[in-house]
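query13.txt (compact mmCIF, C-alpha atoms) appears below.
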# COMPACT_ATOMS: atom_id res chain seq x y z
CA MET K 22 -33.74 -45.55 26.62
CA SER K 23 -36.57 -46.55 24.35
CA ARG K 24 -36.29 -46.56 20.60
CA SER K 25 -38.73 -43.64 20.24
CA ALA K 26 -36.68 -41.53 22.67
CA ALA K 27 -33.49 -42.33 20.76
CA LEU K 28 -35.14 -41.30 17.50
CA ALA K 29 -36.34 -38.08 19.09
CA ASP K 30 -32.82 -37.28 20.31
CA THR K 31 -31.43 -38.01 16.83
CA ARG K 32 -34.00 -35.70 15.23
CA THR K 33 -33.18 -32.96 17.73
CA THR K 34 -29.45 -33.33 17.05
CA LEU K 35 -30.00 -33.17 13.29
CA ARG K 36 -32.25 -30.14 13.73
CA TRP K 37 -29.55 -28.32 15.71
CA LYS K 38 -26.93 -29.23 13.13
CA ARG K 39 -29.12 -27.88 10.33
CA SER K 40 -29.77 -24.69 12.28
CA GLY K 41 -26.05 -24.29 12.89
CA SER K 42 -25.28 -24.84 9.22
CA LEU K 43 -27.95 -22.32 8.22
CA ILE K 44 -26.52 -19.69 10.59
CA SER K 45 -23.01 -20.38 9.26
CA TYR K 46 -24.15 -19.93 5.66
CA VAL K 47 -25.97 -16.69 6.53
CA LEU K 48 -22.88 -15.27 8.28
CA LEU K 49 -20.60 -16.35 5.43
CA THR K 50 -22.97 -14.77 2.90
CA LEU K 51 -22.97 -11.50 4.83
CA GLY K 52 -19.17 -11.57 5.05
CA LEU K 53 -18.93 -12.29 1.34
CA GLY K 54 -21.21 -9.38 0.57
CA LEU K 55 -19.12 -6.99 2.69
CA MET K 56 -15.95 -8.11 0.94
CA VAL K 57 -17.28 -8.18 -2.61
CA PHE K 58 -19.35 -4.98 -2.55
CA PRO K 59 -16.37 -2.53 -2.77
CA PHE K 60 -14.95 -4.55 -5.64
CA LEU K 61 -18.27 -4.56 -7.52
CA TRP K 62 -18.72 -0.85 -6.80
CA MET K 63 -15.26 -0.16 -8.25
CA ILE K 64 -16.14 -1.98 -11.47
CA SER K 65 -19.53 -0.29 -11.65
CA THR K 66 -18.01 3.18 -11.09
CA SER K 67 -15.64 2.64 -14.01
CA PHE K 68 -18.73 2.59 -16.27
CA LYS K 69 -20.45 5.60 -14.67
CA THR K 70 -20.56 9.22 -15.73
CA LEU K 71 -19.07 12.00 -13.58
CA ASP K 72 -22.47 12.80 -12.05
CA GLU K 73 -22.85 9.31 -10.59
CA ILE K 74 -19.43 8.49 -9.18
CA TYR K 75 -20.50 9.12 -5.54
CA SER K 76 -23.61 6.98 -5.87
CA LEU K 77 -23.54 3.59 -4.13
CA SER K 78 -25.75 2.10 -6.81
CA LEU K 79 -24.16 -0.90 -8.53
CA ILE K 80 -26.10 -0.37 -11.75
CA PRO K 81 -25.24 2.83 -13.66
CA SER K 82 -28.16 4.73 -15.10
CA ARG K 83 -26.16 5.08 -18.32
CA VAL K 84 -23.26 2.77 -19.08
CA THR K 85 -20.34 4.54 -20.75
CA TRP K 86 -17.04 3.32 -22.13
CA ASP K 87 -15.59 6.82 -22.31
CA ASN K 88 -13.62 6.29 -19.09
CA TYR K 89 -11.68 3.39 -20.62
CA ALA K 90 -11.09 5.30 -23.83
CA ALA K 91 -9.82 8.29 -21.84
CA ILE K 92 -7.43 6.25 -19.70
CA PHE K 93 -5.94 4.47 -22.73
CA GLN K 94 -5.70 7.54 -24.93
CA GLY K 95 -5.00 10.35 -22.47
CA THR K 96 -2.73 8.73 -19.86
CA PRO K 97 0.42 6.55 -19.81
CA PHE K 98 -1.62 3.72 -18.23
CA PRO K 99 -1.00 1.22 -21.09
CA ARG K 100 2.75 1.75 -20.63
CA TRP K 101 2.41 1.24 -16.87
CA MET K 102 0.52 -1.98 -17.46
CA LEU K 103 3.20 -3.26 -19.82
CA ASN K 104 5.88 -2.31 -17.30
CA SER K 105 4.14 -4.24 -14.53
CA LEU K 106 3.60 -7.24 -16.79
CA TYR K 107 7.23 -7.24 -17.92
CA VAL K 108 8.57 -6.95 -14.37
CA ALA K 109 6.20 -9.58 -12.97
CA VAL K 110 6.91 -12.14 -15.71
CA ILE K 111 10.71 -11.72 -15.56
CA ALA K 112 10.71 -11.87 -11.75
CA THR K 113 8.50 -14.97 -11.75
CA VAL K 114 10.67 -16.83 -14.25
CA SER K 115 13.86 -15.85 -12.42
CA VAL K 116 12.57 -16.85 -8.99
CA CYS K 117 11.23 -20.18 -10.22
CA VAL K 118 14.50 -21.07 -11.96
CA PHE K 119 16.99 -19.98 -9.29
CA ASP K 120 14.92 -20.95 -6.26
CA SER K 121 14.11 -24.41 -7.57
CA ILE K 122 17.76 -25.12 -8.44
CA THR K 123 18.96 -23.83 -5.06
CA GLY K 124 16.28 -25.75 -3.19
CA TYR K 125 17.15 -28.95 -5.06
CA ILE K 126 20.86 -28.58 -4.27
CA LEU K 127 20.23 -27.90 -0.59
CA ALA K 128 17.80 -30.81 -0.33
CA LYS K 129 19.57 -33.55 -2.28
CA PHE K 130 23.30 -32.78 -2.17
CA THR K 131 25.72 -33.07 0.73
CA PHE K 132 28.56 -30.57 1.01
CA TRP K 133 30.39 -28.61 3.68
CA GLY K 134 28.54 -25.60 5.04
CA LYS K 135 25.14 -26.56 3.65
CA GLN K 136 23.28 -25.92 6.90
CA VAL K 137 25.08 -22.61 7.41
CA ILE K 138 24.07 -21.46 3.93
CA PHE K 139 20.46 -22.52 4.55
CA VAL K 140 20.34 -20.66 7.87
CA LEU K 141 21.75 -17.53 6.20
CA ILE K 142 19.07 -17.78 3.52
CA LEU K 143 16.35 -18.13 6.14
CA SER K 144 17.76 -15.16 8.05
CA THR K 145 16.97 -12.93 5.08
CA LEU K 146 13.27 -13.56 5.74
CA MET K 147 13.63 -11.91 9.15
CA VAL K 148 14.91 -8.61 7.77
CA PRO K 149 12.15 -6.05 7.13
CA THR K 150 11.96 -4.75 3.59
CA GLU K 151 12.25 -1.17 4.83
CA MET K 152 15.76 -1.88 6.13
CA LEU K 153 16.86 -3.10 2.70
CA ILE K 154 15.72 -0.04 0.78
CA ILE K 155 18.94 1.94 1.32
CA PRO K 156 21.33 -0.95 0.38
CA TRP K 157 19.21 -1.67 -2.68
CA TYR K 158 19.29 2.01 -3.65
CA LEU K 159 23.08 2.20 -3.27
CA VAL K 160 23.59 -0.96 -5.35
CA SER K 161 21.17 0.24 -8.02
CA SER K 162 22.79 3.67 -8.28
CA SER K 163 26.26 2.09 -8.45
CA PHE K 164 25.24 -0.02 -11.46
CA ASN K 165 23.25 2.74 -13.20
CA GLY K 166 19.95 1.08 -12.36
CA MET K 167 17.99 4.23 -11.58
CA ASP K 168 14.80 4.49 -13.60
CA THR K 169 15.50 1.22 -15.47
CA TYR K 170 13.89 -2.21 -15.62
CA TRP K 171 17.04 -3.70 -14.12
CA GLY K 172 16.76 -1.39 -11.12
CA ILE K 173 13.14 -2.42 -10.52
CA LEU K 174 13.85 -6.11 -11.00
CA PHE K 175 17.06 -7.00 -9.21
CA PRO K 176 15.75 -7.16 -5.58
CA GLY K 177 13.14 -9.72 -6.64
CA LEU K 178 15.16 -11.97 -8.93
CA ILE K 179 15.63 -14.56 -6.17
CA SER K 180 13.57 -15.19 -3.05
CA GLY K 181 14.53 -16.65 0.31
CA PHE K 182 10.97 -17.86 0.84
CA GLY K 183 11.00 -19.60 -2.54
CA ILE K 184 14.24 -21.40 -1.72
CA PHE K 185 12.79 -22.55 1.61
CA LEU K 186 9.56 -23.70 -0.04
CA MET K 187 11.30 -25.64 -2.83
CA LYS K 188 13.81 -27.21 -0.43
CA GLN K 189 11.03 -28.52 1.78
CA PHE K 190 9.25 -30.09 -1.18
CA MET K 191 12.43 -31.43 -2.75
CA GLU K 192 13.29 -33.21 0.51
CA SER K 193 10.07 -35.22 0.20
CA LEU K 194 11.30 -36.81 -3.03
CA PRO K 195 12.67 -40.35 -2.52
CA SER K 196 16.44 -40.34 -2.94
CA GLU K 197 16.27 -43.92 -4.22
CA LEU K 198 14.38 -42.70 -7.29
CA LEU K 199 17.08 -40.15 -8.06
CA ASP K 200 19.84 -42.74 -7.47
CA ALA K 201 18.12 -45.14 -9.87
CA ALA K 202 18.14 -42.42 -12.54
CA ARG K 203 21.87 -41.86 -11.94
CA ILE K 204 22.54 -45.59 -12.30
CA ASP K 205 20.68 -45.52 -15.62
CA GLY K 206 23.10 -42.84 -16.82
CA MET K 207 20.91 -39.75 -16.53
CA GLY K 208 22.77 -36.53 -15.74
CA GLU K 209 21.99 -34.23 -12.86
CA TRP K 210 20.24 -31.67 -15.08
CA GLY K 211 18.10 -34.43 -16.57
CA ILE K 212 17.20 -35.71 -13.10
CA PHE K 213 16.27 -32.23 -12.00
CA LEU K 214 14.22 -31.31 -15.06
CA ARG K 215 12.59 -34.67 -15.85
CA ILE K 216 12.08 -36.16 -12.38
CA ALA K 217 12.32 -33.59 -9.59
CA VAL K 218 10.47 -30.68 -11.17
CA PRO K 219 7.39 -32.66 -12.35
CA LEU K 220 7.02 -34.23 -8.89
CA VAL K 221 6.92 -30.85 -7.13
CA ARG K 222 4.57 -29.19 -9.61
CA PRO K 223 2.12 -27.96 -6.90
CA ALA K 224 4.97 -26.14 -5.14
CA PHE K 225 6.07 -24.70 -8.48
CA ALA K 226 2.57 -23.41 -9.17
CA THR K 227 2.34 -21.87 -5.71
CA LEU K 228 5.72 -20.17 -6.05
CA CYS K 229 4.92 -18.81 -9.52
CA ILE K 230 1.56 -17.41 -8.48
CA LEU K 231 2.78 -15.83 -5.24
CA THR K 232 5.79 -14.30 -7.00
CA PHE K 233 3.68 -12.89 -9.82
CA LEU K 234 1.19 -11.37 -7.38
CA GLY K 235 3.95 -9.90 -5.24
CA SER K 236 5.72 -8.36 -8.23
CA TRP K 237 2.50 -7.05 -9.73
CA ASN K 238 1.46 -5.35 -6.46
CA SER K 239 4.93 -4.12 -5.43
CA PHE K 240 4.83 -0.43 -4.60
CA ILE K 241 7.58 0.86 -2.28
CA TRP K 242 10.64 -0.11 -4.32
CA PRO K 243 9.28 0.89 -7.77
CA LEU K 244 8.19 4.20 -6.24
CA ILE K 245 11.74 4.90 -5.05
CA ILE K 246 13.68 3.64 -8.06
CA THR K 247 11.55 5.13 -10.84
CA GLN K 248 11.70 8.81 -11.77
CA SER K 249 9.85 9.22 -15.07
CA GLU K 250 6.20 8.49 -15.73
CA GLU K 251 7.15 6.12 -18.55
CA MET K 252 8.82 3.73 -16.05
CA PHE K 253 6.01 3.69 -13.49
CA THR K 254 4.38 0.37 -12.65
CA ILE K 255 0.64 0.18 -12.06
CA PRO K 256 0.69 0.69 -8.24
CA VAL K 257 2.96 3.74 -8.63
CA GLY K 258 0.82 5.07 -11.47
CA MET K 259 -2.35 4.63 -9.42
CA ALA K 260 -0.73 6.58 -6.58
CA PHE K 261 0.12 9.27 -9.14
CA PHE K 262 -3.55 9.40 -10.15
CA SER K 263 -4.59 9.70 -6.50
CA SER K 264 -2.17 12.55 -5.84
CA GLU K 265 -3.51 14.38 -8.89
CA ALA K 266 -7.17 13.77 -8.05
CA LYS K 267 -8.26 17.40 -7.75
CA ASP K 268 -11.53 16.93 -9.58
CA SER K 269 -14.09 14.21 -10.18
CA SER K 270 -12.64 13.12 -13.52
CA ASN K 271 -9.48 11.83 -11.84
CA TRP K 272 -11.50 9.70 -9.45
CA VAL K 273 -13.19 8.12 -12.43
CA GLN K 274 -9.74 7.38 -13.85
CA ILE K 275 -8.68 5.88 -10.51
CA MET K 276 -11.62 3.45 -10.50
CA THR K 277 -11.11 2.61 -14.16
CA GLY K 278 -7.38 2.05 -13.67
CA ALA K 279 -8.00 -0.07 -10.56
CA THR K 280 -10.43 -2.23 -12.51
CA LEU K 281 -7.90 -2.74 -15.28
CA SER K 282 -5.11 -3.46 -12.78
CA VAL K 283 -6.96 -6.40 -11.24
CA LEU K 284 -8.01 -7.83 -14.61
CA PRO K 285 -4.77 -9.82 -15.18
CA LEU K 286 -5.02 -11.23 -11.65
CA ILE K 287 -8.57 -12.40 -12.29
CA ILE K 288 -7.49 -14.03 -15.55
CA LEU K 289 -4.58 -15.67 -13.72
CA PHE K 290 -6.91 -17.08 -11.09
CA LEU K 291 -9.45 -18.36 -13.62
CA CYS K 292 -6.74 -20.07 -15.68
CA PHE K 293 -4.88 -21.64 -12.74
CA GLN K 294 -7.65 -22.06 -10.19
CA LYS K 295 -7.01 -25.77 -9.59
CA GLN K 296 -3.25 -25.26 -9.28
CA ILE K 297 -3.75 -22.38 -6.84
CA ILE K 298 -6.04 -24.39 -4.55
CA ARG K 299 -3.89 -27.51 -4.77
CA GLY K 300 -0.67 -25.59 -4.19
CA ILE K 301 -2.00 -23.68 -1.19
CA ALA K 302 -3.44 -26.86 0.32
CA THR K 303 -0.18 -28.73 -0.21
CA THR K 304 1.84 -25.84 1.22
CA GLY K 305 -0.33 -25.88 4.32
CA LEU K 306 0.27 -29.60 4.77
CA LYS K 307 4.03 -29.08 4.50
The structure given in the file should be rewritten as structure tokens.
Amino acid sequence: MSRSAALADTRTTLRWKRSGSLISYVLLTLGLGLMVFPFLWMISTSFKTLDEIYSLSLIPSRVTWDNYAAIFQGTPFPRWMLNSLYVAVIATVSVCVFDSITGYILAKFTFWGKQVIFVLILSTLMVPTEMLIIPWYLVSSSFNGMDTYWGILFPGLISGFGIFLMKQFMESLPSELLDAARIDGMGEWGIFLRIAVPLVRPAFATLCILTFLGSWNSFIWPLIITQSEEMFTIPVGMAFFSSEAKDSSNWVQIMTGATLSVLPLIILFLCFQKQIIRGIATTGLK
């Protein structure tokens, strides 16, 4: 093959690659638009008047803040938001503490029955949540947990998935490093807090973020365990809005409340974007 023919083949190959990349970008842009449009329409509707709520236009003819004032002054939404924040923060802290300690023990200590305990923990991941509702309800009612923060929190204070995740990462830590710390006189708590935890920070970030998102968006259990409007979390409160949506004003409140409900999640992503990407990538490699 002559040099000119080889150059022609190279140009053709590059041209096809560029065409393929262009088509990929066009398809991804269309997919992005389909995914983002409902979200942008929700935000836009929260600033619209009642006459425009069924319009697909993303730019309101007259921007109004009355919807936000009405939802903060005329509904228990601020209380629901505080309830969700309280439950999500407590559940995240509890899961990170207990799951990391349990994962460290299962990964770096040898004792009788360790594998049996680990298999039992993994077996909890195979049980559908719907099958646990009745046992949870019976336990909660036995300990006076109905319509209380404790009743909402206790099923999510420790996670089988979190234990599995932390154990897998803890096993990647070199045991020689931990033994060297023991020889230097460091206690087990010091080894765990000052050596093990900093080395598995991506897993910690992933566990914290996933737990916070799961607690924030939890719906079935808070719906069952709560009875008064003051104890509703945001998903339950939004369902309450939907069930009461008999006129257009309630649909405006639904869109406004939905916009406010995703605001903490957006802030969480913007603040911990690098940790989220790194943690998800590292979790995929594991």
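When all atoms listed in the file are used to compute distances to Ser65 (chain K), the closest of the residues K:Ser115, K:Ser282, K:Thr277, K:Thr131 turns out to be K:Thr277.
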Practice item. Using all atoms listed in the file, find the one residue out of K:Ile212, K:Met147, K:Leu281, K:Leu55 that sits nearest to Phe93 (chain K). Key: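 Smallest separation from Phe93 (chain K) among the options: K:Leu281.
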Check your understanding: Excluding same-chain residues fewer than 2 positions from Arg100 (chain K), what lies within 10 Å of it counting all atoms listed in the file, as a ChimeraX atom specification?
Key -> /K:93,96-98,102-106,250-255,258
Review point. Can you list, as JSON, numbers by chain, every protein, DNA or RNA residue that comes within 8 Å of region 191-193 of chain K when you count only C-alpha atoms, leaving out same-chain residues fewer than 5 positions away?
Key: {"K": [124, 125, 128, 129, 217, 221]}
Point to revise | Residue among K:Ser67, K:Thr232, K:Ser76, K:Gln294 lying closest to Ala91 (chain K), counting only C-alpha atoms | key: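 Checking each of K:Ser67, K:Thr232, K:Ser76, K:Gln294 against Ala91 (chain K), counting only C-alpha atoms, the winner is K:Ser67.
With all atoms listed in the file as the atoms that count, the residue of K:Ile287, K:Ile245, K:Ile64, K:Leu178 with the shortest distance to Asp120 (chain K) is K:Leu178.
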**Study point:** Test item: which residues lie within 8 Å of (14.4, -10.2, -8.9) counting only C-alpha atoms, as a PyMOL selection string
**Key:** chain K and resi 111-112+115-116+174-180
Exercise for review: Find the residue from K:Thr113, K:Ser42, K:Ser78, K:Ser121 that sits nearest to Pro219 (chain K); use all atoms listed in the file when measuring.
Suggested key: K:Ser121
Review point. By how many Å are CA of Asp72 (chain K) and CA of Val283 (chain K) apart?
Key: 24.7 Å
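CA of Gln189 (chain K) is found 12.7 Å from CA of Ile122 (chain K).
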From the structure just shown, export region 281-293 of chain K with N, CA, C and O atoms as a PDB file, in the first residue's frame.
ATOM      1  N   LEU K 281     -38.122  22.852  46.961  1.00  0.00           N
ATOM      2  CA  LEU K 281     -37.430  23.008  48.238  1.00  0.00           C
ATOM      3  C   LEU K 281     -36.878  21.675  48.747  1.00  0.00           C
ATOM      4  O   LEU K 281     -35.822  21.649  49.393  1.00  0.00           O
ATOM      5  N   SER K 282     -37.563  20.579  48.444  1.00  0.00           N
ATOM      6  CA  SER K 282     -37.105  19.276  48.950  1.00  0.00           C
ATOM      7  C   SER K 282     -35.810  18.816  48.293  1.00  0.00           C
ATOM      8  O   SER K 282     -35.040  18.075  48.902  1.00  0.00           O
ATOM      9  N   VAL K 283     -35.589  19.217  47.043  1.00  0.00           N
ATOM     10  CA  VAL K 283     -34.351  18.798  46.369  1.00  0.00           C
ATOM     11  C   VAL K 283     -33.208  19.777  46.617  1.00  0.00           C
ATOM     12  O   VAL K 283     -32.059  19.481  46.273  1.00  0.00           O
ATOM     13  N   LEU K 284     -33.505  20.932  47.204  1.00  0.00           N
ATOM     14  CA  LEU K 284     -32.465  21.931  47.433  1.00  0.00           C
ATOM     15  C   LEU K 284     -31.325  21.415  48.311  1.00  0.00           C
ATOM     16  O   LEU K 284     -30.145  21.582  47.968  1.00  0.00           O
ATOM     17  N   PRO K 285     -31.604  20.761  49.460  1.00  0.00           N
ATOM     18  CA  PRO K 285     -30.483  20.223  50.255  1.00  0.00           C
ATOM     19  C   PRO K 285     -29.656  19.188  49.512  1.00  0.00           C
ATOM     20  O   PRO K 285     -28.437  19.097  49.709  1.00  0.00           O
ATOM     21  N   LEU K 286     -30.290  18.401  48.644  1.00  0.00           N
ATOM     22  CA  LEU K 286     -29.556  17.399  47.878  1.00  0.00           C
ATOM     23  C   LEU K 286     -28.631  18.059  46.860  1.00  0.00           C
ATOM     24  O   LEU K 286     -27.510  17.589  46.626  1.00  0.00           O
ATOM     25  N   ILE K 287     -29.087  19.154  46.260  1.00  0.00           N
ATOM     26  CA  ILE K 287     -28.233  19.882  45.324  1.00  0.00           C
ATOM     27  C   ILE K 287     -27.040  20.493  46.058  1.00  0.00           C
ATOM     28  O   ILE K 287     -25.903  20.431  45.586  1.00  0.00           O
ATOM     29  N   ILE K 288     -27.298  21.068  47.232  1.00  0.00           N
ATOM     30  CA  ILE K 288     -26.209  21.637  48.029  1.00  0.00           C
ATOM     31  C   ILE K 288     -25.222  20.541  48.425  1.00  0.00           C
ATOM     32  O   ILE K 288     -23.993  20.728  48.373  1.00  0.00           O
ATOM     33  N   LEU K 289     -25.745  19.378  48.811  1.00  0.00           N
ATOM     34  CA  LEU K 289     -24.886  18.252  49.173  1.00  0.00           C
ATOM     35  C   LEU K 289     -24.006  17.834  48.002  1.00  0.00           C
ATOM     36  O   LEU K 289     -22.802  17.586  48.167  1.00  0.00           O
ATOM     37  N   PHE K 290     -24.570  17.778  46.820  1.00  0.00           N
ATOM     38  CA  PHE K 290     -23.791  17.384  45.652  1.00  0.00           C
ATOM     39  C   PHE K 290     -22.733  18.431  45.309  1.00  0.00           C
ATOM     40  O   PHE K 290     -21.589  18.082  44.984  1.00  0.00           O
ATOM     41  N   LEU K 291     -23.101  19.705  45.367  1.00  0.00           N
ATOM     42  CA  LEU K 291     -22.139  20.755  45.036  1.00  0.00           C
ATOM     43  C   LEU K 291     -20.983  20.804  46.032  1.00  0.00           C
ATOM     44  O   LEU K 291     -19.839  21.073  45.663  1.00  0.00           O
ATOM     45  N   CYS K 292     -21.271  20.529  47.300  1.00  0.00           N
ATOM     46  CA  CYS K 292     -20.227  20.580  48.326  1.00  0.00           C
ATOM     47  C   CYS K 292     -19.311  19.358  48.286  1.00  0.00           C
ATOM     48  O   CYS K 292     -18.120  19.465  48.579  1.00  0.00           O
ATOM     49  N   PHE K 293     -19.865  18.197  47.924  1.00  0.00           N
ATOM     50  CA  PHE K 293     -19.097  16.948  47.985  1.00  0.00           C
ATOM     51  C   PHE K 293     -19.033  16.269  46.624  1.00  0.00           C
ATOM     52  O   PHE K 293     -19.037  15.048  46.531  1.00  0.00           O
TER      53      PHE K 293
END
